[in-house]
Structures are given as C-alpha cells and as structure tokens.
Amino acid sequence: MATDTAKQVPFVNWGISSTASKRNTIGVLGLIIGCPTLVILNWIALEQYRGSLTGAIRAAFSQGPIRFLVHNLPRPTVVTFAGYVAWLLLQTLLYGVLPGAKAFGQRTPGGNLLSYTTNGLAAWAVTHILFLSASVLGLIDPAMIAKHWEGLLVMVNVYGFFLGFLAQIKAYWFPSHPEDRKFSGSWISDFWAGVELNPRFGEYWDFKFFHNGRPGIVAWSLIGLSWAAYQYQTLGHVTESMLIVLILQTTYVVDFFYNEDWYLRTIDISHDHFGLMLAWGDSTFLPTFYTLQFQYLARYPTYLTPIQAAALVALGFFGYAIFRESNYQRDHVRTNPDSARIWGRKATFITCSYRTADGKVHDTLLLTSGWWGLARHSNYLADLVQTWAWCATCGFKNILPWSYFIYMCILLYHRSQRDERRCRNKYGEKWEEYCRVVPYRIIPFVY
Ligand code: NDP
C-alpha cells in the first residue's frame, strides 16, 4: 500500500548494490569459469570414474587439466540440438497459450508492480502427460533424455551462455524498465549478476519467470523420470532409493508450480537481477546439478533397508512440511495482517515502511511469530533438511551426489547474508529491531 503522507523514511535505493570491487570481479570470473567446469567434471566422474569426483580430479591433475578436459569433453549431436530447440519452443508455446491466474510480483525499487500469468502447473502437467503418453504408446523412449545426456549437457551450456549475453545486450540497448537497472562499474560483475531486474520481451514474456520455471523446473522432474526409466532398462527394476528421490523431488517441483504466485515474491524474482547467474543457473545448473541423485542412482544403484527408506521418506516430508508452512506464514500474514493466526495465536509483527525511487512510501510488515519468530530464515533450514534426505538416498560412498547438499549450504548461507544486507538498507532501524526480537539467523537457538 502506498502512502503519500510525509514519513521519516530514509531514501536509500535498496535494490542497487554498491560498486564492484576488484576482489568481487575476480571472484565472479572464477565463478564464470568454475561453475561450468564443475558441471562437466561431475559428468566425467559419473561416466568414467564410477561416480568418484575425487577420482576424476586426481586424473585431471595427473594428466594435466587441459588435456584431461579436451579428452573427456562432452560432444554435441544433431539430435540433441534439434531436441533441445523443440523443447524450448514447446515451453515457450505453453507459457504463451495456457490459461492461468493473474498475479503480481513485489514492488520494485523503481516503483513498478509487474503482473504475471501463473500457468506453470498447467505447463508442468501438459508436458508430463505428453511425455508419459508418448512413452506408453511407444512413440518415444522414456529413457531418451538420459541416453542423450552428453549432447544435452553441451546444449544447455551453450544456451545458458547465449542467454547471459542476450540479457546483457538487451539491458544496455533495449531495457524493459530502465529505472530498475543496476550498474556496478565492472562489466564482468554485471555480466554475472545482471543489469536488468525484470527483463521482458513485450509486456508479458518475462525472462526470469520463464527460464526458472519452464526449461528449469519443469525439466527437473522430467529428467528424474527419464533416469528412472534408464535404470529400469539397464537394471531390470527401479530401486527404492530412486523412487524415494523421484517422489520427494517431484513433490517439491509440483509444490513450486502450485504456489507459483508465492514464487513471485521470493528473492529470485523480487531482488536478483537477470545476468549469467540466473540465465546459466536456470538453463544449465538447475537441470544438470539438481538432478545429480537421479544420474548417480541410475548408474550406481544403492539399496536401502526398509528402516532407512522409511526414515528418509519421513525426513524428506518433514523438511518439506516446514518449507511449505514457513513460506506460507509470511505470505498469509502480509495479505491478512489483521486477522492472521499462527499456531493458534494472533500473528505478531513489526510494521515498517520503505521508499521507492519515485519517492512514494509503502507500508509493510516483518513477521515475528511462527517460523519467522524462531529464526530469520527458517525456510532455508527446511530446504537443507530436504536436501540432506535426497542426497542420503545415494549412500555415503561418494561425495559427488552430496555436492548438491554442500552447494545448498553455501548458497543459502550466502543468500541469507545478501538478503539481510538488502533488508537493512530497505528497512533501516526496523530491521535492527527485528534482529533483536529474532536473534537467530537460520537454526533456531543455535545460529
Ligand atoms: P524468502 O522467500 O525467504 O524471502 C526473503 C524476503 O522476505 C526478504 O528479502 C524480505 O523481503 C522478506 N522478509 C524477510 N523477513 C521477513 C519477515 N520476518 N516477515 C515478512 N517478510 C520477511 O527468500 P528466498 O527467495 O531466498 O527463499 C524462498 C524459498 O526458496 C526458501 O524456502 C528457500 O530455501 C528456497 N530456495 C531454494 C533454492 C533451491 O535452489 N532449491 C534456491 C533459493 C531459495 P521484502 O521485505 O522486500 O518483501
């Protein structure tokens, strides 16, 4: 809600980060080279070193990294090129034509309130129905994604970088909302972190919303199904461990689309600018790194005892329940501040204001009860619990499937720091007050 009354709200452009330092630029350069290398190294380890990442790294050192990479690099194929283009076109078509409720994102620092058509669940359902029907009718091999993984790995990397460059060019010459652009003074940092906040083609085709959801998250469960089919074809059965990851991760994916409206108010859409980090992250890292458990289990199956299987299912759903409840609580109280109840009591919160670049003052609140009263990022802890359960289905023999859990720990810790810096800028003293009321950051009573 915008209020025109003059309030003592400091003018801070909380969406724009400060100038990139030399250290920051070098770090970003490391990420631009290191992230694709990691994705390819994982594939080499899975293909050639029995899933041992350390084995692959040792070989890279003994052969020399360049020779090792050139010798083992994945090769593109015409089939995967055609298949990947068809996949992008299908998702673009579904994004454009399927019906969905209209929803709004968070107000941007420049004062824009963008609308979205939330038809992700329909796109997910149509894609999966098409895939399953074509498989049952014998028109396609359900294991085809797994079998063409090498070529697809090349395609997603090429597309991720292409999108990163496109986003950069568009930001300079055809920006959608110039007032929401961010320049750090370093081209490399801008290339990675992005310049435009919500780049669009026309009024509705949103780069971020499309790429994170469609080629990214729709593909996630589809890739899982394909690796499960591959395991069935090569092993003669689907292991319990594979089924558990498939059920837990598909729940997470469907939840994402069922609550797509909520996603519009998370950091990805509200605050992160669209650069290589999101372009490559959504198109390449998500479908290849988030699906590591499927890729690992299909080749190196693990067998769980009934007690282990039950414990992992219980832990996975326990983490999911906290994830869903904590994310729901924040949205619910912000929409119904006067009537919302949490855990049987009236919700408590700190009211605060912030200013957008057009000079308007907006009122909002910081929830201090429920999960948001126990720690400032309880929803991150919930994600870590789920991730731990997914990785544990692969056993403890190799670090490779666990690299996803390690990545999530680093990502969410770093994200909590970034977010708190931004909230401190946005809400000033009110954020400090929130930190005094809720002193723990991620783990209640510990950290
Ligand atoms: P959040 O959804 O937690 O959003 C953080 C924002 O919420 C803040 O910037 C602030 O924004 C607002 N906020 C902070 N504290 C409060 C409060 N007490 N009351 C009300 N609003 C508050 O951030 P993320 O987008 O990082 O995470 C969303 C979910 O997605 C999490 O569960 C996370 O674990 C998950 N996630 C998963 C990833 C994956 O790869 N699987 C990657 C990243 C996230 P403002 O006030 O400006 O609205």
# chains A, B, ... in the order shown; residues from 1 in each chain; ligands from 1

call {"tool": "residues_near_ligand", "arguments": {"ligand": "ligand 1", "cutoff": "8 Å", "atoms": "only C-alpha atoms and all ligand atoms", "output": "PyMOL selection string"}}
result
chain A and resi 106+263+265-271+286+290+323-324+326-327+330-331+333-334+349+364-368+372-373+376-384+408+411-412+415-416+419-420+422-423+426+434

call {"tool": "closest_atom_pairs", "arguments": {"of": "range 384-411 of chain A", "to": "range 295-310 of chain A", "cutoff": "8 Å", "atoms": "only C-alpha atoms", "output": "Markdown table"}}
result
| residue | atom | partner | partner_atom | distance |
| --- | --- | --- | --- | --- |
| A:Thr393 | CA | A:Thr302 | CA | 7.3 |
| A:Cys394 | CA | A:Thr302 | CA | 6.0 |
| A:Gly395 | CA | A:Thr302 | CA | 6.7 |
| A:Pro401 | CA | A:Tyr296 | CA | 6.8 |

call {"tool": "closest_residue", "arguments": {"among": "A:Gly164, A:Leu312, A:Ser52, A:Trp173", "to": "Glu240 in chain A", "atoms": "only C-alpha atoms"}}
result
A:Leu312

call {"tool": "residues_around", "arguments": {"residues": "Phe201 in chain A", "least_positions_apart": "5", "cutoff": "9 Å", "atoms": "only C-alpha atoms", "output": "list in words"}}
result
Ser176, Asp206 and Phe207 of chain A

call {"tool": "closest_residue", "arguments": {"among": "A:Leu46, A:Leu98, A:Val158, A:Val253", "to": "Arg75 in chain A", "atoms": "only C-alpha atoms"}}
result
A:Val158

call {"tool": "residues_around", "arguments": {"residues": "Val254 in chain A", "least_positions_apart": "2", "cutoff": "12 Å", "atoms": "only C-alpha atoms", "output": "NGL selection string"}}
result
:A and (120-125 or 128 or 213 or 217-222 or 246-252 or 256-260 or 320 or 324)

call {"tool": "write_last_selection", "arguments": {"atoms": "C-alpha atoms", "output": "compact mmCIF listing (two decimals), in the first residue's frame"}}
result
# COMPACT_ATOMS: atom_id res chain seq x y z
CA GLY A 120 3.19 -23.15 -14.57
CA LEU A 121 1.18 -26.02 -13.09
CA ALA A 122 -0.72 -26.41 -16.37
CA ALA A 123 2.59 -26.33 -18.33
CA TRP A 124 4.09 -28.94 -15.99
CA ALA A 125 1.01 -31.19 -16.29
CA HIS A 128 4.41 -34.68 -18.26
CA GLY A 213 10.12 -22.32 -14.12
CA ILE A 217 11.92 -26.69 -13.00
CA VAL A 218 9.55 -28.45 -15.46
CA ALA A 219 12.63 -30.27 -16.76
CA TRP A 220 13.69 -31.33 -13.23
CA SER A 221 11.02 -34.00 -12.68
CA LEU A 222 11.03 -34.98 -16.36
CA LEU A 246 11.59 -39.18 -7.51
CA ILE A 247 8.67 -38.83 -5.09
CA LEU A 248 10.36 -36.25 -2.83
CA GLN A 249 11.71 -34.07 -5.64
CA THR A 250 8.50 -34.28 -7.68
CA THR A 251 6.61 -33.11 -4.59
CA TYR A 252 8.96 -30.12 -4.38
CA PHE A 256 6.60 -24.86 -6.68
CA PHE A 257 4.07 -24.62 -9.50
CA TYR A 258 1.03 -24.99 -7.24
CA ASN A 259 2.35 -21.97 -5.31
CA GLU A 260 3.75 -20.12 -8.32
CA TYR A 320 9.01 -30.19 3.07
CA ARG A 324 5.76 -25.05 2.95

call {"tool": "atom_distance", "arguments": {"atom1": "CA of His71 in chain A", "atom2": "CA of Gly216 in chain A"}}
result
28.9 Å

call {"tool": "residues_around", "arguments": {"residues": "Lys22 in chain A", "least_positions_apart": "6", "cutoff": "10 Å", "atoms": "only C-alpha atoms", "output": "JSON, numbers by chain"}}
result
{"A": [28, 186, 189]}

call {"tool": "residues_around", "arguments": {"residues": "Gly160 in chain A", "least_positions_apart": "3", "cutoff": "9 Å", "atoms": "only C-alpha atoms", "output": "list of chain:residue names"}}
result
A:Met155, A:Val156, A:Asn157, A:Leu163, A:Gly164, A:Phe165, A:Leu276, A:Leu278, A:Ala279, A:Trp280, A:Gly281, A:Asp282, A:Ser283, A:Thr284, A:Phe285

call {"tool": "select_by_dssp", "arguments": {"residues": "range 111-270 of chain A", "states": "helix (DSSP H, G or I)", "output": "ChimeraX atom specification"}}
result
/A:120-136,144-147,149-173,178-180,187-193,207-235,240-258,260-263,267-270

call {"tool": "select_by_dssp", "arguments": {"residues": "range 185-321 of chain A", "states": "strand (DSSP E)", "output": "PyMOL selection string"}}
result
chain A and resi 200-201+205-206

call {"tool": "atom_distance", "arguments": {"atom1": "CA of Phe210 in chain A", "atom2": "CA of Tyr116 in chain A"}}
result
10.2 Å

call {"tool": "atom_distance", "arguments": {"atom1": "CA of Gln91 in chain A", "atom2": "CA of Ile140 in chain A"}}
result
18.3 Å

call {"tool": "closest_residue", "arguments": {"among": "A:Phe68, A:Lys182, A:Leu31, A:Gly202", "to": "Gly96 in chain A", "atoms": "only C-alpha atoms"}}
result
A:Gly202
